[in-house]
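File shown: model31.txt (compact mmCIF, C-alpha atoms).
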```txt
# COMPACT_ATOMS: atom_id res chain seq x y z
CA MET A 22 -15.14 45.31 22.24
CA ASN A 23 -13.44 48.21 20.50
CA LYS A 24 -10.30 46.86 18.92
CA ASN A 25 -8.73 50.27 18.66
CA SER A 26 -9.17 51.30 22.26
CA SER A 27 -5.93 51.88 24.14
CA THR A 28 -6.81 49.27 26.76
CA TYR A 29 -7.28 46.58 24.13
CA ILE A 30 -4.07 47.52 22.34
CA ILE A 31 -2.05 47.48 25.54
CA ILE A 32 -3.46 44.16 26.71
CA TYR A 33 -3.02 42.70 23.23
CA SER A 34 0.61 43.72 22.94
CA VAL A 35 1.48 42.62 26.48
CA VAL A 36 -0.04 39.18 25.95
CA MET A 37 1.61 38.83 22.55
CA VAL A 38 5.04 39.81 23.81
CA VAL A 39 4.82 37.51 26.82
CA VAL A 40 3.74 34.56 24.67
CA VAL A 41 6.47 35.15 22.08
CA ALA A 42 9.13 35.70 24.73
CA THR A 43 8.16 32.51 26.56
CA VAL A 44 8.25 30.36 23.45
CA LEU A 45 11.58 31.80 22.36
CA ALA A 46 13.08 31.41 25.82
CA VAL A 47 11.98 27.79 26.01
CA ALA A 48 13.26 27.09 22.49
CA SER A 49 16.57 28.75 23.24
CA MET A 50 17.06 26.87 26.50
CA THR A 51 16.15 23.53 24.94
CA LEU A 52 18.46 23.98 21.99
CA GLN A 53 21.32 25.61 23.90
CA PRO A 54 23.09 22.39 24.96
CA ILE A 55 23.02 21.04 21.38
CA GLN A 56 24.30 24.34 20.02
CA ASN A 57 27.10 24.52 22.59
CA ALA A 58 28.09 20.96 21.82
CA ASN A 59 28.22 21.89 18.13
CA VAL A 60 30.47 24.87 18.83
CA GLU A 61 32.76 22.89 21.09
CA LEU A 62 33.04 20.01 18.65
CA GLU A 63 33.74 22.47 15.87
CA ASN A 64 36.58 24.06 17.85
CA LYS A 65 38.06 20.66 18.56
CA GLY A 66 37.73 19.79 14.89
CA ALA A 67 39.52 23.01 13.99
CA VAL A 68 42.35 22.28 16.42
CA LEU A 69 42.74 18.85 14.85
CA ALA A 70 42.51 20.20 11.32
CA SER A 71 45.34 22.64 11.97
CA VAL A 72 47.66 19.69 12.55
CA GLY A 73 46.23 17.66 9.70
CA LEU A 74 44.10 15.34 11.82
CA GLY A 75 40.38 15.01 12.37
CA SER A 76 39.40 13.37 9.12
CA SER A 77 38.22 10.12 10.71
CA GLY A 78 34.80 11.44 11.64
CA ASP A 79 35.07 10.83 15.37
CA ILE A 80 36.50 14.18 16.35
CA GLN A 81 36.01 13.71 20.08
CA ALA A 82 37.99 10.47 20.17
CA GLU A 83 40.84 11.82 18.09
CA TYR A 84 40.96 14.97 20.17
CA ASP A 85 41.20 13.00 23.39
CA GLN A 86 43.91 10.83 21.93
CA TYR A 87 46.25 13.42 20.43
CA ILE A 88 45.65 16.83 21.93
CA THR A 89 46.85 18.15 25.28
CA GLU A 90 45.49 21.47 26.51
CA LEU A 91 48.14 23.78 27.96
CA SER A 92 48.02 27.31 29.21
CA VAL A 93 50.58 30.05 28.83
CA GLU A 94 51.16 33.23 30.79
CA ALA A 95 50.96 36.28 28.55
CA ALA A 96 53.04 39.43 28.69
CA ASP A 97 50.30 41.20 30.65
CA GLY A 98 49.90 38.37 33.15
CA SER A 99 46.71 36.86 31.73
CA THR A 100 46.48 33.21 30.77
CA LEU A 101 46.38 32.17 27.13
CA PRO A 102 45.31 28.82 25.77
CA LEU A 103 47.73 26.62 23.89
CA TYR A 104 47.39 23.11 22.54
CA GLU A 105 49.99 20.48 22.00
CA SER A 106 49.48 17.60 19.64
CA ASN A 107 51.43 14.40 19.63
CA ALA A 108 50.70 12.22 16.66
CA ASP A 109 53.14 9.80 15.07
CA GLY A 110 55.79 10.94 17.54
CA LYS A 111 55.75 14.48 16.16
CA ARG A 112 55.18 17.34 18.58
CA LEU A 113 53.29 20.32 17.24
CA PHE A 114 52.05 23.38 19.09
CA ILE A 115 48.73 24.91 18.21
CA ILE A 116 48.16 28.58 18.87
CA PRO A 117 44.59 29.90 18.74
CA VAL A 118 44.44 33.25 16.93
CA SER A 119 41.62 35.75 16.73
CA GLY A 120 40.99 39.18 15.26
CA SER A 121 38.46 41.20 13.32
CA GLY A 122 37.69 40.79 9.65
CA LEU A 123 35.70 43.11 7.45
CA TRP A 124 32.24 42.35 8.85
CA GLY A 125 32.90 40.56 12.09
CA PRO A 126 35.30 38.43 14.08
CA ILE A 127 37.69 36.03 12.41
CA TRP A 128 39.66 33.36 14.22
CA GLY A 129 41.64 30.24 13.66
CA TYR A 130 44.41 27.94 14.79
CA VAL A 131 48.02 28.09 13.70
CA SER A 132 50.12 25.02 14.35
CA VAL A 133 53.89 25.35 14.50
CA GLU A 134 56.65 22.82 14.65
CA GLY A 135 59.09 22.37 17.52
CA ASP A 136 61.13 25.39 16.40
CA TRP A 137 58.06 27.61 17.07
CA SER A 138 58.53 29.22 13.67
CA THR A 139 57.74 26.82 10.84
CA ILE A 140 54.02 26.57 10.24
CA SER A 141 52.74 23.04 9.82
CA GLY A 142 49.14 23.98 9.20
CA VAL A 143 46.47 26.61 9.73
CA VAL A 144 42.72 26.79 9.82
CA PHE A 145 40.70 29.97 9.74
CA ASP A 146 37.08 30.70 10.31
CA HIS A 147 34.88 33.75 10.34
CA LYS A 148 31.53 35.02 11.50
CA GLY A 149 30.27 36.96 8.51
CA GLU A 150 32.83 37.58 5.77
CA THR A 151 31.46 37.89 2.23
CA PRO A 152 30.84 34.47 0.66
CA GLY A 153 33.15 34.00 -2.31
CA LEU A 154 35.43 36.85 -1.22
CA GLY A 155 36.62 37.24 2.36
CA ALA A 156 35.00 33.95 3.34
CA GLU A 157 37.55 32.20 1.12
CA ILE A 158 40.09 32.42 3.97
CA THR A 159 38.64 29.12 5.19
CA THR A 160 39.38 27.28 1.94
CA PRO A 161 42.39 24.98 1.52
CA LYS A 162 43.42 27.09 -1.46
CA PHE A 163 44.25 29.89 0.96
CA THR A 164 45.28 27.97 4.06
CA ASP A 165 47.56 25.47 2.26
CA GLN A 166 49.81 28.37 1.33
CA PHE A 167 50.83 28.79 4.96
CA VAL A 168 52.35 25.34 5.29
CA GLY A 169 56.14 25.58 5.59
CA LYS A 170 56.18 29.38 5.93
CA ARG A 171 58.12 30.77 8.86
CA LEU A 172 56.90 33.19 11.52
CA PHE A 173 60.36 34.18 12.75
CA GLU A 174 63.41 35.44 10.93
CA GLY A 175 66.25 34.59 13.28
CA PRO A 176 65.09 35.85 16.68
CA GLN A 177 62.75 38.43 15.13
CA LEU A 178 58.98 37.85 14.88
CA VAL A 179 57.95 38.88 11.36
CA GLY A 180 54.65 37.03 10.95
CA ILE A 181 53.12 36.22 7.61
CA SER A 182 52.40 39.00 5.12
CA VAL A 183 49.50 38.70 2.75
CA LEU A 184 50.45 40.04 -0.67
CA LYS A 185 48.16 41.17 -3.46
CA GLY A 186 48.30 39.43 -6.81
CA ALA A 187 48.48 35.72 -7.58
CA GLY A 188 52.00 34.37 -7.30
CA SER A 189 53.46 37.50 -5.73
CA SER A 190 54.47 35.59 -2.61
CA GLN A 191 56.41 33.00 -4.59
CA GLY A 192 59.70 32.13 -2.92
CA ASN A 193 58.94 34.36 0.05
CA ASP A 194 59.14 32.51 3.36
CA HIS A 195 57.07 35.07 5.20
CA ALA A 196 54.25 35.76 2.78
CA VAL A 197 51.20 34.24 1.13
CA ASP A 198 48.95 35.40 -1.71
CA ALA A 199 45.89 37.41 -0.73
CA ILE A 200 42.41 36.52 -1.91
CA SER A 201 41.42 38.65 -4.86
CA GLY A 202 38.40 40.72 -3.91
CA GLY A 203 38.98 39.86 -0.26
CA THR A 204 41.85 42.20 0.47
CA ILE A 205 40.52 43.57 3.74
CA THR A 206 39.86 40.12 5.18
CA SER A 207 43.24 38.89 3.92
CA ARG A 208 44.98 41.80 5.62
CA ALA A 209 42.98 41.07 8.75
CA VAL A 210 44.43 37.55 8.76
CA GLU A 211 47.93 39.02 8.60
CA THR A 212 47.20 41.41 11.49
CA MET A 213 45.51 38.68 13.50
CA ILE A 214 48.50 36.34 13.35
CA THR A 215 51.05 39.01 14.22
CA ALA A 216 48.95 40.51 17.01
CA THR A 217 48.17 37.17 18.62
CA LEU A 218 51.74 35.95 18.40
CA ALA A 219 52.96 39.14 20.05
CA GLN A 220 50.96 38.04 23.10
CA TYR A 221 52.63 34.65 23.12
CA LEU A 222 56.04 36.13 22.41
CA PRO A 223 57.53 35.97 25.94
CA TYR A 224 56.59 32.31 26.20
CA ILE A 225 57.73 31.45 22.70
CA GLU A 226 61.07 33.18 23.18
CA LYS A 227 61.63 31.26 26.37
CA GLN A 228 60.83 28.02 24.59
CA ARG A 229 63.07 28.83 21.66
CA ASN A 230 65.98 29.73 23.93
CA ASN A 231 65.60 26.47 25.82
CA GLU A 232 65.52 24.68 22.53
CA SER A 233 68.77 26.21 21.33
CA VAL A 234 70.50 25.56 24.65
CA GLU A 235 69.63 21.92 24.37
CA MET B 192 -12.54 22.64 1.53
CA LYS B 193 -10.32 20.88 -0.91
CA ALA B 194 -6.68 21.32 0.00
CA LEU B 195 -5.63 22.54 -3.42
CA ASN B 196 -8.75 23.62 -5.31
CA SER B 197 -8.30 25.69 -8.45
CA LYS B 198 -8.25 28.99 -6.56
CA ASN B 199 -5.57 27.87 -4.12
CA TRP B 200 -3.66 26.41 -7.04
CA GLN B 201 -3.70 29.85 -8.63
CA TYR B 202 -2.45 31.34 -5.37
CA PHE B 203 0.39 28.89 -5.56
CA LEU B 204 1.27 29.27 -9.24
CA GLY B 205 1.04 33.06 -9.43
CA PRO B 206 4.13 33.91 -7.36
CA LEU B 207 6.19 31.35 -9.22
CA SER B 208 6.09 33.31 -12.45
CA LYS B 209 3.61 36.05 -13.34
CA ASP B 210 3.49 37.46 -9.83
CA ASN B 211 7.02 36.59 -8.81
CA PRO B 212 8.06 38.55 -5.73
CA VAL B 213 11.57 39.25 -6.99
CA VAL B 214 11.32 39.85 -10.72
CA VAL B 215 7.79 41.24 -10.93
CA GLN B 216 7.11 42.84 -7.56
CA ILE B 217 10.80 43.72 -7.13
CA LEU B 218 10.78 42.70 -3.46
CA GLY B 219 13.56 41.00 -1.54
CA ILE B 220 16.20 42.22 -3.97
CA CYS B 221 18.64 43.07 -1.18
CA SER B 222 19.08 39.53 0.11
CA ALA B 223 18.91 38.12 -3.43
CA LEU B 224 22.09 40.07 -4.13
CA ALA B 225 23.79 39.25 -0.84
CA VAL B 226 23.58 35.48 -0.50
CA THR B 227 23.81 34.27 -4.10
CA ALA B 228 27.56 34.27 -4.67
CA GLN B 229 27.36 30.51 -4.14
CA LEU B 230 24.61 27.98 -4.70
CA LYS B 231 24.48 26.31 -1.30
CA PRO B 232 23.87 29.38 0.88
CA ALA B 233 21.34 30.54 -1.71
CA PHE B 234 19.47 27.26 -1.34
CA VAL B 235 19.40 27.24 2.45
CA MET B 236 18.39 30.89 2.47
CA ALA B 237 15.56 30.10 0.07
CA ALA B 238 14.41 27.17 2.21
CA SER B 239 14.46 29.31 5.36
CA VAL B 240 12.46 32.04 3.65
CA VAL B 241 9.88 29.49 2.45
CA VAL B 242 9.37 28.33 6.03
CA VAL B 243 9.14 31.86 7.41
CA THR B 244 6.82 33.26 4.71
CA GLY B 245 4.54 30.25 5.00
CA PHE B 246 4.18 30.37 8.76
CA ALA B 247 4.17 34.16 9.05
CA ASN B 248 1.20 34.21 6.68
CA LEU B 249 -0.47 31.34 8.54
CA ILE B 250 -0.07 32.90 11.97
CA MET B 251 -1.09 36.39 10.87
CA SER B 252 -4.10 35.01 9.08
CA CYS B 253 -5.20 33.22 12.24
CA LEU B 254 -4.72 36.42 14.23
CA ARG B 255 -6.26 38.72 11.64
CA LYS B 256 -9.65 39.15 13.36
CA GLY B 257 -8.11 40.17 16.69
CA VAL B 258 -5.22 42.38 15.64
CA PRO B 259 -5.83 46.07 16.42
CA SER B 260 -5.27 47.75 13.07
CA ARG B 261 -3.30 50.59 14.66
CA ILE B 262 -0.50 48.28 15.77
CA ARG B 263 -0.79 45.63 13.08
CA ILE B 264 2.60 46.41 11.53
CA ILE B 265 4.27 45.94 14.90
CA VAL B 266 2.41 42.69 15.44
CA GLN B 267 3.53 41.49 12.01
CA LEU B 268 7.11 42.36 12.83
CA VAL B 269 6.98 40.51 16.13
CA VAL B 270 5.54 37.40 14.46
CA ILE B 271 8.15 37.51 11.68
CA ALA B 272 11.02 38.17 14.06
CA PHE B 273 9.78 35.35 16.27
CA LEU B 274 9.79 32.89 13.37
CA VAL B 275 13.18 34.01 12.10
CA ILE B 276 14.80 33.63 15.52
CA LEU B 277 13.24 30.20 15.84
CA VAL B 278 14.54 29.14 12.41
CA ASP B 279 17.97 30.52 13.28
CA GLN B 280 18.07 28.58 16.56
CA VAL B 281 16.97 25.35 14.92
CA LEU B 282 19.54 25.73 12.13
CA LYS B 283 22.26 26.35 14.70
CA ALA B 284 21.31 23.24 16.64
CA TYR B 285 20.71 20.76 13.86
CA VAL B 286 22.52 21.95 10.71
CA TYR B 287 25.32 23.87 12.32
CA ASP B 288 27.63 24.05 9.31
CA VAL B 289 24.91 25.44 7.05
CA SER B 290 23.84 27.99 9.62
CA LYS B 291 27.44 29.16 9.75
CA GLN B 292 27.49 29.61 6.00
CA LEU B 293 24.46 31.85 6.14
CA SER B 294 25.70 33.72 9.20
CA VAL B 295 23.99 37.10 9.43
CA TYR B 296 21.68 36.59 6.49
CA VAL B 297 19.27 34.37 8.40
CA GLY B 298 18.66 37.21 10.82
CA LEU B 299 18.20 39.53 7.88
CA ILE B 300 15.18 37.52 6.69
CA ILE B 301 13.28 39.75 9.13
CA THR B 302 13.91 42.71 6.87
CA ASN B 303 12.91 40.84 3.72
CA CYS B 304 10.22 42.95 2.12
CA ILE B 305 8.40 39.88 0.78
CA LEU B 306 7.38 38.88 4.30
CA MET B 307 5.75 42.12 5.37
CA GLY B 308 4.38 42.56 1.87
CA ARG B 309 2.58 39.21 1.80
CA VAL B 310 1.35 39.43 5.36
CA GLU B 311 -0.02 42.92 4.83
CA ALA B 312 -1.43 42.35 1.35
CA PHE B 313 -2.69 38.79 1.64
CA ALA B 314 -2.77 37.16 5.07
CA LEU B 315 -4.77 39.93 6.74
CA GLY B 316 -7.59 39.47 4.25
CA HIS B 317 -7.67 35.72 3.66
CA LYS B 318 -8.34 32.51 5.55
CA PRO B 319 -5.38 30.59 7.07
CA TRP B 320 -5.00 27.85 4.46
CA PRO B 321 -4.92 30.08 1.34
CA SER B 322 -2.60 32.42 3.25
CA PHE B 323 -0.26 29.55 4.02
CA VAL B 324 -0.26 28.51 0.36
CA ASP B 325 0.41 32.08 -0.70
CA GLY B 326 3.28 32.38 1.76
CA ILE B 327 4.91 29.14 0.65
CA ALA B 328 4.48 30.07 -3.01
CA ASN B 329 6.07 33.46 -2.54
CA GLY B 330 8.96 31.88 -0.71
CA VAL B 331 9.39 29.39 -3.54
CA GLY B 332 9.14 32.15 -6.14
CA TYR B 333 11.88 34.01 -4.31
CA GLY B 334 13.89 30.80 -3.99
CA ILE B 335 13.76 30.06 -7.73
CA ILE B 336 15.37 33.40 -8.52
CA LEU B 337 17.98 32.88 -5.79
CA LEU B 338 18.92 29.50 -7.20
CA MET B 339 19.17 30.91 -10.73
CA LEU B 340 21.45 33.69 -9.50
CA GLY B 341 23.47 31.33 -7.33
CA PHE B 342 23.92 28.93 -10.23
CA VAL B 343 25.19 31.54 -12.69
CA ARG B 344 27.30 33.42 -10.16
CA GLU B 345 29.03 30.38 -8.70
CA LEU B 346 29.59 28.78 -12.11
CA PHE B 347 31.16 31.83 -13.72
CA GLY B 348 32.55 33.44 -10.58
CA SER B 349 34.20 30.44 -8.94
CA GLY B 350 34.07 27.77 -11.62
CA SER B 351 32.24 25.45 -9.26
CA LEU B 352 28.69 24.41 -8.37
CA TRP B 353 27.56 23.60 -4.81
CA GLY B 354 31.24 23.72 -3.91
CA PHE B 355 32.23 21.09 -6.48
CA ARG B 356 34.66 22.12 -9.18
CA VAL B 357 33.09 22.25 -12.64
CA VAL B 358 35.70 24.12 -14.65
CA PRO B 359 38.84 21.93 -14.73
CA GLU B 360 41.85 23.35 -12.84
CA ALA B 361 44.01 22.95 -15.94
CA TRP B 362 41.92 25.48 -17.85
CA TYR B 363 43.01 28.36 -15.66
CA ILE B 364 45.59 30.84 -16.86
CA GLN B 365 47.79 30.38 -13.78
CA ASN B 366 47.94 26.66 -14.62
CA GLY B 367 48.81 27.34 -18.24
CA GLY B 368 45.26 27.37 -19.59
CA PHE B 369 43.10 30.04 -21.17
CA TYR B 370 40.36 30.60 -18.61
CA ALA B 371 39.84 33.01 -15.73
CA ASN B 372 36.97 33.37 -13.34
CA ASN B 373 34.84 36.44 -13.75
CA GLY B 374 35.53 38.41 -10.58
CA LEU B 375 32.56 40.68 -11.18
CA MET B 376 30.26 37.68 -10.71
CA MET B 377 31.29 37.50 -7.06
CA LEU B 378 30.20 41.06 -6.38
CA PRO B 379 26.61 42.10 -5.61
CA PRO B 380 26.37 44.59 -8.52
CA MET B 381 26.64 41.70 -10.97
CA ALA B 382 23.75 40.00 -9.21
CA LEU B 383 21.70 43.13 -9.81
CA ILE B 384 22.61 43.06 -13.49
CA LEU B 385 21.60 39.39 -13.62
CA VAL B 386 18.28 40.17 -11.93
CA GLY B 387 17.79 42.84 -14.58
CA LEU B 388 18.45 40.31 -17.33
CA ILE B 389 16.01 37.84 -15.78
CA ILE B 390 13.35 40.57 -15.59
CA TRP B 391 13.98 41.42 -19.24
CA VAL B 392 13.63 37.83 -20.42
CA HIS B 393 10.65 37.27 -18.15
CA ARG B 394 8.81 40.33 -19.42
CA SER B 395 9.47 39.66 -23.07
CA SER B 396 8.01 36.19 -22.69
CA ASN B 397 4.99 37.43 -20.69
CA LYS B 398 3.59 40.27 -22.78
CA ASP B 399 0.78 41.02 -20.31
CA LEU B 400 3.34 42.14 -17.73
CA ILE B 401 4.40 45.06 -19.88
CA GLU B 402 2.70 48.30 -18.90
CA LYS B 403 0.91 50.13 -21.67
```

Let me see whether you can do it: turn the structure in this file into structure tokens.
Amino acid sequence: MNKNSSTYIIIYSVVMVVVVATVLAVASMTLQPIQNANVELENKGAVLASVGLGSSGDIQAEYDQYITELSVEAADGSTLPLYESNADGKRLFIIPVSGSGLWGPIWGYVSVEGDWSTISGVVFDHKGETPGLGAEITTPKFTDQFVGKRLFEGPQLVGISVLKGAGSSQGNDHAVDAISGGTITSRAVETMITATLAQYLPYIEKQRNNESVE
Amino acid sequence: MKALNSKNWQYFLGPLSKDNPVVVQILGICSALAVTAQLKPAFVMAASVVVVTGFANLIMSCLRKGVPSRIRIIVQLVVIAFLVILVDQVLKAYVYDVSKQLSVYVGLIITNCILMGRVEAFALGHKPWPSFVDGIANGVGYGIILLMLGFVRELFGSGSLWGFRVVPEAWYIQNGGFYANNGLMMLPPMALILVGLIIWVHRSSNKDLIEK
């Protein structure tokens, strides 16, 4: 048979594509549940990490024990997720944040104390930031800086600024040091927090007013 | 046929040094610059490439008698893409944290010139087993360079290896010491300079590589 005849080529490519597509589809469907479980467990781990839990190894158990899932109505009427953690009698609220980094999406969880302003912990993650540069937003060296910083100044939402240069945020309650070489991703973190909090603002303000009345 | 007779052994040893895909054939430079800022992603990338080069060569060699030569490049691409997607899926399911570290670069194995190069130059003209050996060896040859780059870049760029701190915190200027990480090491251009240095050393120690 002539291997360069059009009929042969067409039959060959059709068969090849069908075989490859079938194998990939089967592989994808078989592995999908495991992958989804990984993603879900990772999210739960991140929620726990933002409040300083989740080190025991059994993330599912800890999550079930400490975390309550809430939902909040946003300014535009849509529903936003919110988590509440209750460990050692301390109530913390965990706000999921998301935005875009330099190469792809970045996201994370910001946990605040009962005053809705003081940050008790953050975790960040990313899809494809540069290893060693933007990807450093996930490291404790960056995230630990957020602890104790405040999102609000009085009634005003100011967010957390990310400043260039090591030590430049010293003594500033609303700023952290950027990652050198990862300026765009660092700025993206700043934008992400402010933009996401703006969505939660009506709810947070309500909560804060209730708090002060009490 | 003996599994590793002298000829197959040569197929295996060649790409490790004298016929190294990165520093002699100058293939796969792009990903060698992208994923080597740290040692761990460099290692997993290298391992993934070894798997894909090995099996791409094996599959193409098995298919070589039936592939219509007019569409052979497309067939090669489909086989390579197929393997890369499979590797990506498996990594996501079983070593999720590592697959996250590599993120887009696993998908970019498809565009790694070593793959097409070996399939086209070797697998289409050789039997399956030698092709498999050649694929694995080229993957390993690529991996060696990646690990060398990852080692130097992480050590001098971040002061750590495999994520573990090597340079003591107290040495750093901000902690009152005398040391600072070399920021250039974290950037791809420095990787290119390092590759250049490796090529230089490699050529001076292998005189027969130098063109007359």

#### Entry: Residue nearest chain B among A:Gly110, A:Gly129, A:Gly203, A:Gly78 (counting all atoms listed in the file)
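Going through A:Gly110, A:Gly129, A:Gly203, A:Gly78 one by one, the smallest distance to chain B is for A:Gly203.
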
### Task
Pull out every residue of chain A sitting within 6 Å of chain B, counting all atoms listed in the file, and send them as a ChimeraX atom specification.
/A:24-25,55-56,149

### Query
If you count all atoms listed in the file, which residues fall within 10 Å of stretch 309-324 of chain B, apart from same-chain ones fewer than 3 positions away, as a PyMOL selection string?
chain B and resi 192+194-195+198-204+212+242+244-256+258+263-264+267-268+271+304-306+327-330

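Our summary of the geometry notes that atom CA of A:Leu91 is positioned 16.3 Å from atom CA of A:Thr217.
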
### Task
Measure the distance from atom CA of B:Val343 to atom CA of B:Ile390 in Å and round it to one decimal.
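Taking atom CA of B:Val343 and atom CA of B:Ile390, their separation equals 15.2 Å.
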
### Task
Pick out the closest residue to B:Val243 from this set: B:Gly367, B:Gly205, B:Gly298, B:Gly326. Count all atoms listed in the file.
B:Gly326
